[in-house]
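Text of query_30.txt (compact mmCIF, C-alpha atoms) as supplied:
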# COMPACT_ATOMS: atom_id res chain seq x y z
CA MET A 1 -18.76 48.84 -0.78
CA VAL A 2 -15.87 50.66 -2.45
CA PRO A 3 -13.44 48.12 -3.98
CA VAL A 4 -10.17 47.73 -2.08
CA TRP A 5 -8.44 46.14 -5.09
CA THR A 6 -8.98 46.30 -8.85
CA ASN A 7 -8.05 43.73 -11.48
CA VAL A 8 -7.31 45.18 -14.92
CA THR A 9 -7.08 42.62 -17.74
CA ALA A 10 -5.76 43.33 -21.23
CA ALA A 11 -5.75 41.09 -24.30
CA ALA A 12 -2.44 40.57 -26.05
CA GLN A 13 -0.47 38.37 -28.39
CA ARG A 14 2.59 36.37 -27.40
CA ASN A 15 5.10 39.01 -28.53
CA ASP A 16 3.24 41.78 -26.68
CA VAL A 17 3.57 40.22 -23.25
CA PRO A 18 6.90 41.75 -22.12
CA GLY A 19 5.76 45.25 -23.07
CA LEU A 20 2.35 44.83 -21.45
CA GLU A 21 3.85 43.46 -18.25
CA GLU A 22 6.23 46.43 -18.15
CA TRP A 23 3.28 48.80 -18.67
CA PHE A 24 1.38 47.29 -15.72
CA TRP A 25 4.39 47.56 -13.41
CA ALA A 26 4.92 51.17 -14.48
CA GLN A 27 1.28 51.95 -13.65
CA GLY A 28 1.75 50.68 -10.09
CA ALA A 29 0.43 47.12 -10.25
CA VAL A 30 1.22 45.01 -7.17
CA SER A 31 1.12 41.78 -9.19
CA VAL A 32 0.94 40.76 -12.84
CA THR A 33 -0.30 37.40 -14.13
CA VAL A 34 -0.43 35.86 -17.60
CA GLU A 35 -3.02 33.26 -18.66
CA ASP A 36 -4.33 31.58 -21.77
CA GLY A 37 -6.56 33.86 -23.82
CA GLU A 38 -8.23 30.93 -25.54
CA ASP A 39 -8.52 27.25 -24.55
CA ASN A 40 -5.10 25.77 -25.25
CA PRO A 41 -3.79 24.40 -21.94
CA ILE A 42 -0.08 23.66 -21.53
CA TYR A 43 0.16 21.14 -18.70
CA GLU A 44 3.87 20.46 -18.64
CA PRO A 45 6.55 21.90 -20.93
CA LEU A 46 9.43 19.85 -22.23
CA PRO A 47 12.73 20.26 -20.38
CA GLY A 48 14.26 23.68 -21.03
CA GLU A 49 11.15 25.09 -22.70
CA GLN A 50 9.19 28.13 -21.51
CA PRO A 51 6.09 27.99 -23.74
CA LEU A 52 3.50 30.74 -23.96
CA TRP A 53 0.13 30.79 -25.67
CA ASP A 54 -0.36 32.78 -28.89
CA ALA A 55 -3.32 34.72 -27.45
CA VAL A 56 -3.01 35.70 -23.80
CA LEU A 57 -4.72 37.71 -21.10
CA VAL A 58 -2.44 39.79 -18.88
CA THR A 59 -3.92 40.95 -15.57
CA GLY A 60 -2.56 43.61 -13.25
CA LEU A 61 -3.78 43.87 -9.65
CA PHE A 62 -4.01 47.45 -8.34
CA GLU A 63 -4.76 48.79 -4.89
CA GLY A 64 -7.92 50.88 -4.66
CA GLU A 65 -10.60 51.85 -7.17
CA LEU A 66 -9.68 52.80 -10.76
CA ASP A 67 -11.44 54.87 -13.38
CA GLU A 68 -12.36 52.48 -16.22
CA PRO A 69 -12.51 55.07 -19.06
CA GLY A 70 -9.14 56.43 -17.96
CA VAL A 71 -7.55 52.96 -17.79
CA LYS A 72 -8.97 52.09 -21.21
CA ALA A 73 -7.64 55.30 -22.73
CA ARG A 74 -4.14 54.76 -21.31
CA LEU A 75 -4.08 51.16 -22.52
CA ASN A 76 -5.19 52.23 -25.99
CA LYS A 77 -2.49 54.88 -26.11
CA ALA A 78 0.08 52.21 -25.23
CA GLY A 79 -1.25 49.99 -28.03
CA PHE A 80 -3.17 47.48 -25.90
CA LYS A 81 -6.84 46.56 -25.58
CA LEU A 82 -8.80 46.47 -22.31
CA ALA A 83 -10.47 43.08 -21.81
CA GLY A 84 -12.03 43.71 -18.40
CA ILE A 85 -11.82 45.63 -15.14
CA VAL A 86 -13.18 44.21 -11.87
CA GLY A 87 -13.27 45.69 -8.38
CA LEU A 88 -12.46 43.30 -5.53
CA GLU A 89 -13.30 43.43 -1.85
CA ASP A 90 -10.52 42.69 0.58
CA ARG A 91 -10.54 39.17 2.02
CA GLN A 92 -8.24 36.29 2.98
CA TRP A 93 -7.65 35.13 -0.59
CA GLU A 94 -5.54 32.11 0.37
CA ARG A 95 -8.53 30.71 2.25
CA GLU A 96 -11.26 31.41 -0.31
CA TRP A 97 -10.97 27.91 -1.78
CA LEU A 98 -11.95 26.46 1.60
CA ASN A 99 -15.53 27.45 0.82
CA ARG A 100 -15.51 24.58 -1.71
CA PHE A 101 -13.47 22.13 0.41
CA ARG A 102 -15.60 19.61 2.34
CA PRO A 103 -14.83 16.34 4.20
CA MET A 104 -13.90 13.64 1.67
CA GLN A 105 -13.57 9.85 1.98
CA PHE A 106 -10.84 7.80 0.30
CA GLY A 107 -11.42 4.06 0.27
CA GLN A 108 -12.84 2.51 3.43
CA ARG A 109 -10.83 4.12 6.23
CA LEU A 110 -9.28 7.43 5.21
CA TRP A 111 -10.98 10.82 5.41
CA VAL A 112 -9.65 14.32 4.81
CA CYS A 113 -11.47 16.93 6.89
CA PRO A 114 -10.76 20.69 6.73
CA SER A 115 -10.71 22.87 9.80
CA GLY A 116 -14.13 23.82 11.12
CA TYR A 117 -16.01 20.68 10.10
CA ASP A 118 -17.35 17.93 12.36
CA LEU A 119 -15.84 14.46 12.14
CA PRO A 120 -17.68 12.09 9.80
CA ALA A 121 -19.58 9.44 11.80
CA GLY A 122 -17.66 6.15 11.94
CA ALA A 123 -14.52 7.56 10.32
CA GLU A 124 -11.49 5.47 11.26
CA ALA A 125 -8.57 7.65 10.16
CA VAL A 126 -9.28 11.36 9.74
CA ILE A 127 -6.68 13.77 8.37
CA HIS A 128 -7.44 17.25 9.71
CA LEU A 129 -6.05 19.46 6.99
CA ASP A 130 -5.36 23.13 6.38
CA PRO A 131 -2.84 23.08 3.53
CA GLY A 132 -2.14 26.81 3.50
CA LEU A 133 -0.29 27.62 0.28
CA ALA A 134 0.88 24.04 -0.35
CA PHE A 135 -0.56 21.59 -2.86
CA GLY A 136 -2.44 18.51 -1.74
CA THR A 137 -5.93 18.30 -0.26
CA GLY A 138 -7.39 15.26 -2.00
CA THR A 139 -9.49 17.36 -4.35
CA HIS A 140 -7.07 16.79 -7.23
CA GLU A 141 -7.11 13.45 -9.02
CA THR A 142 -3.41 12.77 -8.37
CA THR A 143 -3.74 13.10 -4.59
CA ARG A 144 -7.00 11.12 -4.58
CA LEU A 145 -5.34 8.27 -6.47
CA CYS A 146 -2.52 8.10 -3.92
CA LEU A 147 -4.84 8.25 -0.90
CA GLU A 148 -7.11 5.55 -2.28
CA TYR A 149 -4.18 3.17 -2.78
CA LEU A 150 -2.80 4.01 0.67
CA ASP A 151 -6.16 3.02 2.14
CA THR A 152 -5.68 -0.52 0.78
CA LEU A 153 -2.31 -1.03 2.50
CA ASP A 154 -1.41 -2.27 5.96
CA VAL A 155 1.40 0.16 6.76
CA ARG A 156 1.69 -0.65 10.47
CA GLY A 157 5.35 -0.54 11.45
CA TRP A 158 6.50 0.67 8.02
CA ARG A 159 8.83 3.52 7.17
CA VAL A 160 7.32 5.91 4.60
CA ILE A 161 8.96 8.53 2.36
CA ASP A 162 6.95 11.18 0.50
CA PHE A 163 8.79 13.01 -2.31
CA GLY A 164 7.06 16.30 -3.09
CA CYS A 165 5.01 16.26 0.10
CA GLY A 166 3.00 19.47 -0.52
CA SER A 167 0.57 19.77 2.39
CA GLY A 168 1.86 16.52 3.92
CA VAL A 169 -1.48 14.77 3.40
CA LEU A 170 0.00 11.45 2.20
CA GLY A 171 2.58 11.09 4.95
CA ILE A 172 0.10 12.13 7.62
CA GLY A 173 -2.39 9.59 6.29
CA ALA A 174 0.25 6.87 6.49
CA ALA A 175 1.14 7.88 10.06
CA LEU A 176 -2.51 7.77 11.11
CA LEU A 177 -2.77 4.27 9.64
CA GLY A 178 0.15 3.06 11.77
CA ALA A 179 3.36 3.85 9.90
CA ASN A 180 6.31 3.80 12.26
CA GLU A 181 8.27 6.65 10.65
CA VAL A 182 7.45 9.24 7.97
CA LEU A 183 9.91 11.41 6.05
CA ALA A 184 8.43 14.23 3.92
CA ILE A 185 10.60 15.88 1.26
CA ASP A 186 9.91 19.02 -0.78
CA ASN A 187 11.95 21.76 -2.43
CA ASP A 188 9.35 24.38 -1.38
CA PRO A 189 9.84 25.73 2.17
CA GLN A 190 6.12 26.62 2.32
CA ALA A 191 5.27 22.96 1.75
CA LEU A 192 7.55 21.86 4.57
CA THR A 193 6.01 24.44 6.89
CA ALA A 194 2.48 23.31 5.95
CA THR A 195 3.45 19.67 6.46
CA ARG A 196 4.86 20.28 9.94
CA GLU A 197 1.81 22.32 10.98
CA ASN A 198 -0.63 19.74 9.62
CA ALA A 199 1.28 16.90 11.29
CA GLY A 200 1.04 18.71 14.62
CA ARG A 201 -2.67 19.32 14.07
CA ASN A 202 -3.13 15.58 13.60
CA GLY A 203 -0.96 14.53 16.53
CA VAL A 204 1.57 12.61 14.43
CA VAL A 205 5.31 12.97 13.90
CA VAL A 206 6.53 13.69 10.36
CA THR A 207 10.17 14.55 9.69
CA THR A 208 10.68 17.09 6.90
CA GLY A 209 13.64 17.86 4.68
CA MET A 210 14.84 19.31 1.40
CA PRO A 211 15.96 17.10 -1.52
CA GLY A 212 19.57 16.02 -1.72
CA GLY A 213 20.19 14.67 1.76
CA GLU A 214 20.63 11.11 2.94
CA ILE A 215 17.15 9.55 3.16
CA GLY A 216 17.72 5.81 3.47
CA SER A 217 15.02 3.42 2.26
CA ALA A 218 11.39 2.74 3.11
CA GLU A 219 8.73 0.08 2.62
CA LEU A 220 6.44 2.71 1.06
CA VAL A 221 7.52 5.63 -1.13
CA PHE A 222 5.19 8.27 -2.61
CA ALA A 223 6.18 10.54 -5.50
CA ASN A 224 3.18 12.65 -6.50
CA ILE A 225 4.98 15.23 -8.63
CA LEU A 226 5.22 15.50 -12.47
CA ALA A 227 6.27 13.17 -15.27
CA GLN A 228 9.68 14.67 -16.04
CA PRO A 229 10.88 14.73 -12.41
CA LEU A 230 9.62 11.14 -12.00
CA ILE A 231 11.82 10.13 -14.92
CA ASP A 232 14.81 12.14 -13.70
CA LEU A 233 14.46 10.69 -10.19
CA ALA A 234 13.80 7.09 -11.24
CA ALA A 235 17.08 5.69 -9.90
CA GLU A 236 16.77 7.64 -6.63
CA LEU A 237 13.13 6.66 -6.06
CA LEU A 238 13.79 2.99 -6.77
CA ALA A 239 16.82 3.00 -4.46
CA ALA A 240 14.69 4.58 -1.73
CA THR A 241 12.15 1.73 -1.95
CA THR A 242 13.11 -1.46 -0.13
CA PRO A 243 13.11 -4.67 -2.25
CA GLY A 244 9.54 -5.94 -2.25
CA GLY A 245 8.29 -2.54 -1.09
CA THR A 246 5.80 -0.21 -2.76
CA LEU A 247 6.58 2.82 -4.91
CA ILE A 248 3.53 4.95 -5.81
CA LEU A 249 3.96 7.40 -8.69
CA SER A 250 1.37 10.02 -9.60
CA GLY A 251 1.14 13.44 -11.24
CA ILE A 252 1.27 11.67 -14.61
CA MET A 253 -1.05 12.60 -17.46
CA ASP A 254 -2.56 9.71 -19.42
CA ALA A 255 -0.57 10.69 -22.52
CA GLN A 256 2.67 10.53 -20.50
CA ARG A 257 2.11 6.95 -19.26
CA ASP A 258 4.47 5.16 -21.66
CA TRP A 259 7.09 7.86 -21.23
CA VAL A 260 7.24 7.26 -17.46
CA VAL A 261 6.88 3.47 -17.68
CA SER A 262 9.90 3.27 -19.98
CA ALA A 263 12.07 4.78 -17.21
CA TYR A 264 11.09 2.06 -14.70
CA ASN A 265 10.59 -1.04 -16.87
CA GLY A 266 13.22 -3.69 -16.23
CA ARG A 267 14.11 -2.11 -12.89
CA ALA A 268 10.84 -2.82 -11.03
CA ARG A 269 7.53 -4.62 -11.55
CA LEU A 270 4.40 -2.62 -12.37
CA ILE A 271 1.74 -3.99 -10.02
CA ASP A 272 -1.06 -1.44 -10.44
CA GLU A 273 -2.14 1.36 -12.76
CA VAL A 274 -5.32 3.45 -12.66
CA SER A 275 -6.48 6.49 -14.62
CA LEU A 276 -8.81 9.18 -13.22
CA GLY A 277 -9.79 12.40 -14.94
CA GLY A 278 -6.85 12.27 -17.34
CA TRP A 279 -4.27 11.54 -14.61
CA MET A 280 -2.57 8.26 -13.72
CA ARG A 281 -1.29 6.32 -10.73
CA LEU A 282 1.49 3.80 -11.36
CA VAL A 283 2.52 1.46 -8.54
CA TRP A 284 5.86 -0.36 -8.74
CA GLN A 285 7.56 -3.07 -6.70
CA PRO A 286 11.40 -3.17 -6.92

Translate the structure described by the file into structure tokens.
Amino acid sequence: MVPVWTNVTAAAQRNDVPGLEEWFWAQGAVSVTVEDGEDNPIYEPLPGEQPLWDAVLVTGLFEGELDEPGVKARLNKAGFKLAGIVGLEDRQWEREWLNRFRPMQFGQRLWVCPSGYDLPAGAEAVIHLDPGLAFGTGTHETTRLCLEYLDTLDVRGWRVIDFGCGSGVLGIGAALLGANEVLAIDNDPQALTATRENAGRNGVVVTTGMPGGEIGSAELVFANILAQPLIDLAAELLAATTPGGTLILSGIMDAQRDWVVSAYNGRARLIDEVSLGGWMRLVWQP
């Protein structure tokens, strides 16, 4: 089959990136991405920083089939080195990951089941999930840690707030376990759309909203985001959790544990902490 799309990847150094990106756009690329050319991951930059690796790979996506010798010659003339060229068949790229997404169990009661799969036998609370372009399926350690703790709680009659709701999986899980009211908050409109669609698919009501509005307080608050926002939002998250309630923080790398704890110590009691695959869950009680 003749490729419908072609990925062209060039190797570069940090200072070459702007020129190489400009070259790809000038050649008619429909998208340009930059990734680490070695194995030096940058998980979360410090506030105000925009770090970039020393050695990078810059990839341009082009429509149709390209002539490799011609592309290589043009790159060389521009002072860059071809690292690879790959033809791609057309497909629904946003759904490709579903080939690796299977029903998963969290604790004793909770399951996450993607569209097209049969219900697990004996499953008590099943979240039917199609996250679309939003984060949160349970496959990542941070979401798993939150779902596993949720499974241990009796949330019947509770109000629940989920900061950074992504696909809505945490709020939907709480609703299926008997929560009385769920508010899902995210600054990404795609996440709010995914949350509403997934809530409808599961027959539960989840209210969605952007940050900054009046949210009140709740017996259970999730914040599965990143370390710096968790620190910046400490006062807001604690105020949103009723006294004696439960505040679940995740999206924290092991090395960031003390950094986050220092923002909450003296303002709430740390009642649980677990590490999984280099990521942490911290549970607080105001």

| message | Could you check the closest approach to A:Val8 for each of A:Ile225, A:Gly87, A:Ala78, A:Val34 and tell me which residue wins, using only C-alpha atoms? | response | A:Gly87

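Nearest residue to A:His128, choosing from A:Asn198, A:Phe80, A:Asp162, A:Glu141 and counting only C-alpha atoms: A:Asn198.
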
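For the choices A:Gly213, A:Pro114, A:Pro243, A:Gly171, the atom-to-atom distance to A:Arg196 is smallest for A:Gly171 when using only C-alpha atoms.
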
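Comparing A:Thr207, A:Gln27, A:Asn202, A:Asn76 by their smallest distance to A:Ala11, the closest is A:Asn76 (using all atoms listed in the file).
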
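Residue neighbourhood of A:Ile127, excluding near-sequence residues (fewer than 5 positions): Leu110, Trp111, Val112, Cys113, Pro114, Val169, Ile172, Gly173, Leu176, Asn198, Arg201 and Asn202 of chain A, at 9 Å, using only C-alpha atoms.
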
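Of note, atom CA of A:Gly209 and atom CA of A:Ala184 are spaced 6.4 Å apart.
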
| message | Measuring between all atoms listed in the file, which one of A:Ala55, A:Asn15, A:Gly203, A:Gly64 shows the shortest distance to A:Val30? | response | A:Gly64

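Relative to atom CA of A:Leu177, atom CA of A:Leu233 is found at 27.0 Å.
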
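One finds atom CA of A:Leu129 at 9.5 Å from atom CA of A:Thr195.
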
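Residue nearest A:Leu282, chosen from A:Ala199, A:Cys146, A:Ile231, A:Val155 and counting only C-alpha atoms: A:Cys146.
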
For A:Ala255, find every residue with an atom within 10 Å (counting only C-alpha atoms), except residues of its own chain fewer than 2 positions away, and show them as a short mmCIF file (atom, residue, chain, number, x, y, z; two decimals) with C-alpha atoms, in the coordinates of the input.
data_model
loop_
_atom_site.label_atom_id
_atom_site.label_comp_id
_atom_site.auth_asym_id
_atom_site.auth_seq_id
_atom_site.Cartn_x
_atom_site.Cartn_y
_atom_site.Cartn_z
CA ILE A 252 1.27 11.67 -14.61
CA MET A 253 -1.05 12.60 -17.46
CA ARG A 257 2.11 6.95 -19.26
CA ASP A 258 4.47 5.16 -21.66
CA TRP A 259 7.09 7.86 -21.23
CA VAL A 260 7.24 7.26 -17.46
CA GLY A 278 -6.85 12.27 -17.34
CA TRP A 279 -4.27 11.54 -14.61
CA MET A 280 -2.57 8.26 -13.72
#

| message | From (10.6, 4.1, 0.3), in the file's coordinates, out to 10 Å: which residues are reached, counting all atoms listed in the file? Answer as a PyMOL selection string. | response | chain A and resi 158-163+182-183+215-223+236-243+245-248

Give, as AutoDock Vina command-line options, the centre coordinates and the x, y and z edge lengths in Å to one decimal for an axis-aligned box around all listed atoms of stretch 160-169 of chain A, padded by 6 Å on each side.
--center_x 3.7 --center_y 12.8 --center_z 0.8 --size_x 22.4 --size_y 25.9 --size_z 19.7

| task | Name the residues in contact with A:Asn187 at a cut-off of 8 Å, using only C-alpha atoms, excluding same-chain residues fewer than 6 positions from it; report them as a ChimeraX atom specification. | result | /A:164,210-211

Name the residues, using the chain letters and numbers of the file, that sit within 8 Å of (-4.9, 5.4, 0.5) when counting all atoms listed in the file, and give them as a compact mmCIF listing (two decimals) with C-alpha atoms, in the frame of the given file.
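This went into part-v5.txt:
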# COMPACT_ATOMS: atom_id res chain seq x y z
CA PHE A 106 -10.84 7.80 0.30
CA GLY A 107 -11.42 4.06 0.27
CA LEU A 110 -9.28 7.43 5.21
CA ARG A 144 -7.00 11.12 -4.58
CA LEU A 145 -5.34 8.27 -6.47
CA CYS A 146 -2.52 8.10 -3.92
CA LEU A 147 -4.84 8.25 -0.90
CA GLU A 148 -7.11 5.55 -2.28
CA TYR A 149 -4.18 3.17 -2.78
CA LEU A 150 -2.80 4.01 0.67
CA ASP A 151 -6.16 3.02 2.14
CA THR A 152 -5.68 -0.52 0.78
CA LEU A 153 -2.31 -1.03 2.50
CA LEU A 170 0.00 11.45 2.20
CA GLY A 173 -2.39 9.59 6.29
